[in-house]
file coords-v2.txt (compact mmCIF, C-alpha atoms)
# COMPACT_ATOMS: atom_id res chain seq x y z
CA MET Q 1 -104.08 35.05 53.19
CA LYS Q 2 -102.69 36.03 56.58
CA PHE Q 3 -100.80 39.30 57.02
CA GLY Q 4 -98.67 40.21 60.01
CA VAL Q 5 -98.11 43.81 61.14
CA LEU Q 6 -94.96 44.35 63.20
CA VAL Q 7 -95.29 46.49 66.32
CA PHE Q 8 -92.23 48.18 67.84
CA PRO Q 9 -92.24 50.47 70.87
CA GLY Q 10 -93.07 53.77 69.19
CA SER Q 11 -94.87 52.44 66.12
CA ASN Q 12 -97.90 54.60 65.41
CA CYS Q 13 -99.03 53.50 61.95
CA ASP Q 14 -99.54 49.85 62.86
CA ILE Q 15 -103.26 50.38 63.33
CA ASP Q 16 -103.54 52.04 59.91
CA LEU Q 17 -101.97 49.00 58.25
CA TYR Q 18 -104.06 46.58 60.29
CA LEU Q 19 -107.32 48.28 59.35
CA ALA Q 20 -106.31 48.64 55.69
CA ILE Q 21 -105.98 44.86 55.47
CA LYS Q 22 -108.89 43.91 57.75
CA ASP Q 23 -111.55 46.43 56.69
CA ILE Q 24 -110.66 47.31 53.08
CA ILE Q 25 -108.75 44.35 51.63
CA LYS Q 26 -110.79 41.91 53.77
CA GLU Q 27 -107.95 39.54 54.59
CA GLU Q 28 -106.82 38.06 57.89
CA VAL Q 29 -104.30 40.16 59.79
CA GLU Q 30 -102.59 40.02 63.17
CA TYR Q 31 -100.21 42.23 65.16
CA ILE Q 32 -96.70 40.88 65.76
CA ARG Q 33 -94.67 42.07 68.74
CA HIS Q 34 -91.03 43.01 68.15
CA THR Q 35 -89.97 40.16 70.45
CA GLN Q 36 -91.67 37.41 68.43
CA THR Q 37 -89.44 34.67 67.01
CA ASP Q 38 -91.77 32.66 64.79
CA LEU Q 39 -93.43 34.01 61.64
CA SER Q 40 -94.29 30.68 60.05
CA GLU Q 41 -98.06 31.24 60.22
CA PHE Q 42 -97.93 34.39 58.06
CA ASP Q 43 -98.02 34.84 54.29
CA ALA Q 44 -96.80 38.46 54.24
CA ILE Q 45 -95.16 40.83 56.72
CA LEU Q 46 -95.91 44.57 56.95
CA ILE Q 47 -93.59 46.99 58.78
CA PRO Q 48 -95.38 50.22 59.75
CA GLY Q 49 -94.27 53.81 60.06
CA GLY Q 50 -93.97 55.71 63.29
CA PHE Q 51 -90.97 56.31 65.51
CA SER Q 52 -89.54 52.96 66.56
CA TYR Q 53 -87.52 52.96 69.74
CA GLY Q 54 -83.95 54.22 69.32
CA ASP Q 55 -84.82 56.54 66.43
CA TYR Q 56 -83.10 59.36 68.34
CA LEU Q 57 -79.83 57.64 67.40
CA ARG Q 58 -80.77 57.02 63.75
CA CYS Q 59 -84.11 55.94 62.33
CA GLY Q 60 -84.42 52.16 62.52
CA ALA Q 61 -80.90 51.72 63.92
CA ILE Q 62 -82.06 50.01 67.12
CA ALA Q 63 -85.27 48.41 65.87
CA ARG Q 64 -83.26 46.42 63.32
CA PHE Q 65 -81.73 44.48 66.25
CA SER Q 66 -85.13 43.32 67.54
CA SER Q 67 -85.63 39.55 67.72
CA VAL Q 68 -88.38 39.70 65.12
CA MET Q 69 -86.06 41.22 62.49
CA ASP Q 70 -83.95 38.05 62.40
CA GLU Q 71 -87.16 36.21 61.59
CA VAL Q 72 -88.13 38.80 58.97
CA ALA Q 73 -84.78 38.20 57.27
CA LYS Q 74 -85.44 34.44 57.19
CA PHE Q 75 -89.00 35.09 56.00
CA ALA Q 76 -87.74 37.27 53.16
CA LYS Q 77 -84.98 34.82 52.23
CA ALA Q 78 -87.71 32.21 51.72
CA GLY Q 79 -89.15 34.50 49.05
CA LYS Q 80 -92.18 35.69 50.99
CA PRO Q 81 -93.42 39.31 50.66
CA VAL Q 82 -92.18 41.94 53.10
CA PHE Q 83 -93.43 45.53 52.92
CA GLY Q 84 -92.19 48.53 54.90
CA THR Q 85 -93.50 52.08 54.80
CA CYS Q 86 -91.76 55.20 56.17
CA ASN Q 87 -90.02 54.06 59.38
CA GLY Q 88 -90.51 50.53 58.06
CA PHE Q 89 -88.44 51.49 54.99
CA GLN Q 90 -85.76 52.92 57.27
CA ILE Q 91 -85.67 49.71 59.33
CA LEU Q 92 -85.33 47.60 56.17
CA THR Q 93 -82.31 49.59 55.00
CA GLU Q 94 -80.72 49.52 58.47
CA ALA Q 95 -81.21 45.75 58.56
CA GLY Q 96 -79.49 45.40 55.20
CA LEU Q 97 -82.60 43.94 53.59
CA LEU Q 98 -82.71 46.85 51.16
CA PRO Q 99 -79.77 48.84 49.74
CA GLY Q 100 -79.06 52.49 50.46
CA VAL Q 101 -79.91 54.77 53.37
CA LEU Q 102 -82.54 57.35 54.33
CA LEU Q 103 -81.00 60.70 55.21
CA LYS Q 104 -82.51 63.82 56.71
CA ASN Q 105 -84.73 65.76 54.31
CA ASP Q 106 -82.65 68.30 52.41
CA SER Q 107 -84.84 71.04 53.88
CA LEU Q 108 -83.99 69.76 57.39
CA LYS Q 109 -87.73 70.03 58.07
CA PHE Q 110 -90.40 67.43 58.69
CA VAL Q 111 -92.70 67.20 55.67
CA CYS Q 112 -96.36 66.23 55.95
CA GLN Q 113 -98.42 66.56 52.79
CA THR Q 114 -100.20 64.74 49.99
CA GLN Q 115 -97.71 63.84 47.29
CA SER Q 116 -98.00 62.79 43.65
CA VAL Q 117 -96.17 59.48 43.19
CA LYS Q 118 -95.51 57.63 39.92
CA VAL Q 119 -95.56 53.86 39.49
CA SER Q 120 -92.18 53.39 37.83
CA ASN Q 121 -92.43 49.60 37.67
CA ASN Q 122 -95.79 47.83 37.58
CA GLN Q 123 -94.24 44.41 37.09
CA SER Q 124 -93.53 43.80 40.77
CA LEU Q 125 -95.69 41.71 43.09
CA PHE Q 126 -96.61 44.94 44.88
CA THR Q 127 -97.74 46.90 41.80
CA SER Q 128 -99.30 44.42 39.35
CA GLN Q 129 -102.74 46.02 39.73
CA TYR Q 130 -101.45 49.46 38.68
CA GLU Q 131 -100.80 50.78 35.19
CA GLN Q 132 -97.23 51.61 34.22
CA ASP Q 133 -96.51 55.28 35.05
CA GLU Q 134 -99.86 55.59 36.86
CA LEU Q 135 -99.94 58.62 39.12
CA LEU Q 136 -100.98 58.09 42.72
CA SER Q 137 -101.99 60.52 45.43
CA LEU Q 138 -100.32 59.35 48.65
CA PRO Q 139 -99.65 60.99 52.02
CA ILE Q 140 -96.07 61.47 53.20
CA ALA Q 141 -94.97 62.33 56.74
CA HIS Q 142 -91.27 62.11 57.52
CA GLY Q 143 -88.16 63.96 58.54
CA GLU Q 144 -85.65 61.46 57.14
CA GLY Q 145 -86.96 60.34 53.76
CA ASN Q 146 -84.07 61.47 51.59
CA TYR Q 147 -83.06 58.23 49.85
CA TYR Q 148 -79.39 57.94 48.95
CA CYS Q 149 -77.08 55.26 47.59
CA ASP Q 150 -73.73 55.21 45.80
CA GLU Q 151 -73.44 55.24 41.99
CA GLU Q 152 -72.81 51.50 41.76
CA THR Q 153 -75.92 50.70 43.78
CA LEU Q 154 -78.00 53.15 41.76
CA ALA Q 155 -76.85 51.48 38.55
CA GLU Q 156 -77.90 48.10 39.99
CA LEU Q 157 -81.31 49.45 41.02
CA LYS Q 158 -81.90 50.68 37.49
CA LYS Q 159 -80.55 47.54 35.82
CA ASN Q 160 -82.81 45.28 37.87
CA ASN Q 161 -85.89 47.56 37.74
CA GLN Q 162 -85.85 47.86 41.52
CA ILE Q 163 -87.05 51.48 41.54
CA ILE Q 164 -90.77 50.95 41.99
CA PHE Q 165 -92.06 54.40 42.94
CA THR Q 166 -90.74 57.90 42.22
CA TYR Q 167 -91.99 61.32 43.27
CA GLU Q 168 -93.77 63.18 40.50
CA GLY Q 169 -93.39 66.94 40.25
CA ASN Q 170 -91.62 68.31 43.30
CA ASN Q 171 -89.05 66.31 45.23
CA PRO Q 172 -90.27 66.63 48.84
CA ASN Q 173 -87.11 65.45 50.58
CA GLY Q 174 -84.21 65.64 48.11
CA SER Q 175 -84.28 61.91 47.45
CA LEU Q 176 -81.78 60.69 44.82
CA GLU Q 177 -83.49 60.74 41.40
CA LYS Q 178 -86.80 61.30 43.21
CA ILE Q 179 -86.83 57.72 44.47
CA ALA Q 180 -89.85 57.03 46.69
CA GLY Q 181 -89.74 53.24 46.90
CA ILE Q 182 -87.48 50.33 45.97
CA THR Q 183 -87.39 46.54 46.13
CA ASN Q 184 -84.57 44.12 46.77
CA LYS Q 185 -83.04 42.39 43.75
CA GLU Q 186 -85.36 39.39 44.17
CA GLY Q 187 -88.39 41.68 44.21
CA ASN Q 188 -90.11 40.35 47.34
CA ILE Q 189 -89.17 43.20 49.71
CA LEU Q 190 -90.56 46.69 49.14
CA GLY Q 191 -89.67 49.79 51.10
CA MET Q 192 -91.31 53.16 50.41
CA MET Q 193 -91.64 56.50 52.21
CA PRO Q 194 -95.23 57.36 51.17
CA HIS Q 195 -98.08 55.80 53.17
CA PRO Q 196 -100.40 53.71 50.94
CA GLU Q 197 -102.27 52.48 54.03
CA ARG Q 198 -103.49 56.05 54.57
CA ALA Q 199 -104.91 56.20 51.05
CA MET Q 200 -107.48 53.42 51.05
CA GLU Q 201 -110.77 55.33 50.64
CA GLU Q 202 -111.76 58.24 48.42
CA LEU Q 203 -113.89 59.51 51.31
CA LEU Q 204 -110.62 60.25 53.13
CA GLY Q 205 -108.96 61.88 50.12
CA SER Q 206 -107.54 59.03 48.03
CA ASP Q 207 -107.78 55.29 47.43
CA SER Q 208 -104.46 55.14 45.53
CA GLY Q 209 -102.95 52.74 48.07
CA ARG Q 210 -105.58 50.04 47.73
CA LYS Q 211 -104.09 48.43 44.62
CA LEU Q 212 -100.75 47.88 46.34
CA PHE Q 213 -102.23 45.54 48.91
CA ALA Q 214 -104.58 44.04 46.31
CA SER Q 215 -101.50 43.25 44.22
CA MET Q 216 -99.95 41.44 47.17
CA VAL Q 217 -103.10 39.38 47.71
CA ASP Q 218 -103.27 38.51 44.00
CA TYR Q 219 -99.66 37.34 44.09
CA LEU Q 220 -100.17 35.25 47.23
CA ARG Q 221 -103.26 33.58 45.80
CA LYS Q 222 -101.40 32.61 42.65
CA VAL Q 223 -98.53 31.21 44.69
CA SER Q 224 -100.91 29.19 46.87
CA GLN Q 225 -102.49 27.64 43.78
CA ASN Q 226 -99.18 26.38 42.42

call {"tool": "encode", "arguments": {"input": "coords-v2.txt", "output": "structure tokens"}}
result
Amino acid sequence: MKFGVLVFPGSNCDIDLYLAIKDIIKEEVEYIRHTQTDLSEFDAILIPGGFSYGDYLRCGAIARFSSVMDEVAKFAKAGKPVFGTCNGFQILTEAGLLPGVLLKNDSLKFVCQTQSVKVSNNQSLFTSQYEQDELLSLPIAHGEGNYYCDEETLAELKKNNQIIFTYEGNNPNGSLEKIAGITNKEGNILGMMPHPERAMEELLGSDSGRKLFASMVDYLRKVSQN
């Protein structure tokens, strides 16, 4: 399987994602510049956290206009997996690939801590290796992680089981119904604020993120065999 990690001016978690795939998951991975216009060689696209250029206007508001995002939209429309964490989640909502918005944390402060996160749906291609309601220990680091959507959208998210991760215990950013991660209706795009790529080894505090990428690989292998 070949993964692609997008790189925008300002991305700073691209290396974390790259090494998570290369060194822990042991799959092929390559960086993709924000100007690239062909993603046909990749099986899955990963959008990292960081501070993509233009975030001073609104997180992801400028990055979503990058040439590569048109290709990501085509990639996703073809049913291929797209994953975005933190700023990647923000870019996906700005691009209209996921519903809702990410607002400033209700505390108006940047939060950086280890957070308990619950797997609210283990039937997605991103969570098949987890148990339902399994509790994960994942790092968070964001100033605008407060997920919000209108009542109609929330009802749709619940109806279609698109709420994949929720915060357990405290709500670190005021996110609606403690939402930490959602998919699109088709289930092939996941956006989440926590950083699973920073939780790949117990030596560094947690390996709770490993099963997310393992789930993606398992899905891709099954697809390739059909």

call {"tool": "residues_near_point", "arguments": {"input": "coords-v2.txt", "point": "(-91.4, 52.1, 61.9)", "cutoff": "8 Å", "atoms": "only C-alpha atoms", "output": "compact mmCIF listing (two decimals) with C-alpha atoms, in the frame of the given file"}}
result
# COMPACT_ATOMS: atom_id res chain seq x y z
CA PHE Q 8 -92.23 48.18 67.84
CA GLY Q 10 -93.07 53.77 69.19
CA SER Q 11 -94.87 52.44 66.12
CA ASN Q 12 -97.90 54.60 65.41
CA CYS Q 13 -99.03 53.50 61.95
CA ILE Q 47 -93.59 46.99 58.78
CA PRO Q 48 -95.38 50.22 59.75
CA GLY Q 49 -94.27 53.81 60.06
CA GLY Q 50 -93.97 55.71 63.29
CA PHE Q 51 -90.97 56.31 65.51
CA SER Q 52 -89.54 52.96 66.56
CA GLY Q 60 -84.42 52.16 62.52
CA GLY Q 84 -92.19 48.53 54.90
CA THR Q 85 -93.50 52.08 54.80
CA CYS Q 86 -91.76 55.20 56.17
CA ASN Q 87 -90.02 54.06 59.38
CA GLY Q 88 -90.51 50.53 58.06
CA PHE Q 89 -88.44 51.49 54.99
CA GLN Q 90 -85.76 52.92 57.27
CA ILE Q 91 -85.67 49.71 59.33

call {"tool": "residues_around", "arguments": {"input": "coords-v2.txt", "residues": "range 197-199 of chain Q", "least_positions_apart": "6", "cutoff": "7 Å", "atoms": "all atoms listed in the file", "output": "list in words"}}
result
Asp16, Leu17, Ala20, Leu138, Pro139, Ser206, Asp207, Ser208 and Gly209 of chain Q

call {"tool": "atom_distance", "arguments": {"input": "coords-v2.txt", "atom1": "CA of Ala95 in chain Q", "atom2": "CA of Ile163 in chain Q"}}
result
18.9 Å

call {"tool": "closest_residue", "arguments": {"input": "coords-v2.txt", "among": "Q:Ile164, Q:Leu204, Q:Val217, Q:Cys59", "to": "Glu144 in chain Q", "atoms": "only C-alpha atoms"}}
result
Q:Cys59

call {"tool": "atom_distance", "arguments": {"input": "coords-v2.txt", "atom1": "CA of Lys26 in chain Q", "atom2": "CA of Lys2 in chain Q"}}
result
10.4 Å

call {"tool": "atom_distance", "arguments": {"input": "coords-v2.txt", "atom1": "CA of Asn122 in chain Q", "atom2": "CA of Glu177 in chain Q"}}
result
18.2 Å

call {"tool": "closest_residue", "arguments": {"input": "coords-v2.txt", "among": "Q:Ile189, Q:Leu125, Q:Leu97, Q:Leu39", "to": "Arg221 in chain Q", "atoms": "only C-alpha atoms"}}
result
Q:Leu125

call {"tool": "closest_residue", "arguments": {"input": "coords-v2.txt", "among": "Q:Pro9, Q:Pro81, Q:Ile182, Q:Val29", "to": "Lys158 in chain Q", "atoms": "all atoms listed in the file"}}
result
Q:Ile182

call {"tool": "axis_aligned_box", "arguments": {"input": "coords-v2.txt", "around": "range 126-145 of chain Q", "padding_each_side": "3 Å", "output": "AutoDock Vina command-line options"}}
result
--center_x -94.2 --center_y 54.2 --center_z 46.4 --size_x 23.1 --size_y 25.5 --size_z 30.3

call {"tool": "residues_around", "arguments": {"input": "coords-v2.txt", "residues": "Ile32 in chain Q", "least_positions_apart": "3", "cutoff": "10 Å", "atoms": "all atoms listed in the file", "output": "PyMOL selection string"}}
result
chain Q and resi 3-8+14+29+35-39+45-47+68

call {"tool": "closest_residue", "arguments": {"input": "coords-v2.txt", "among": "Q:Gly169, Q:Leu98, Q:Asn226, Q:Pro196", "to": "Cys149 in chain Q", "atoms": "only C-alpha atoms"}}
result
Q:Leu98
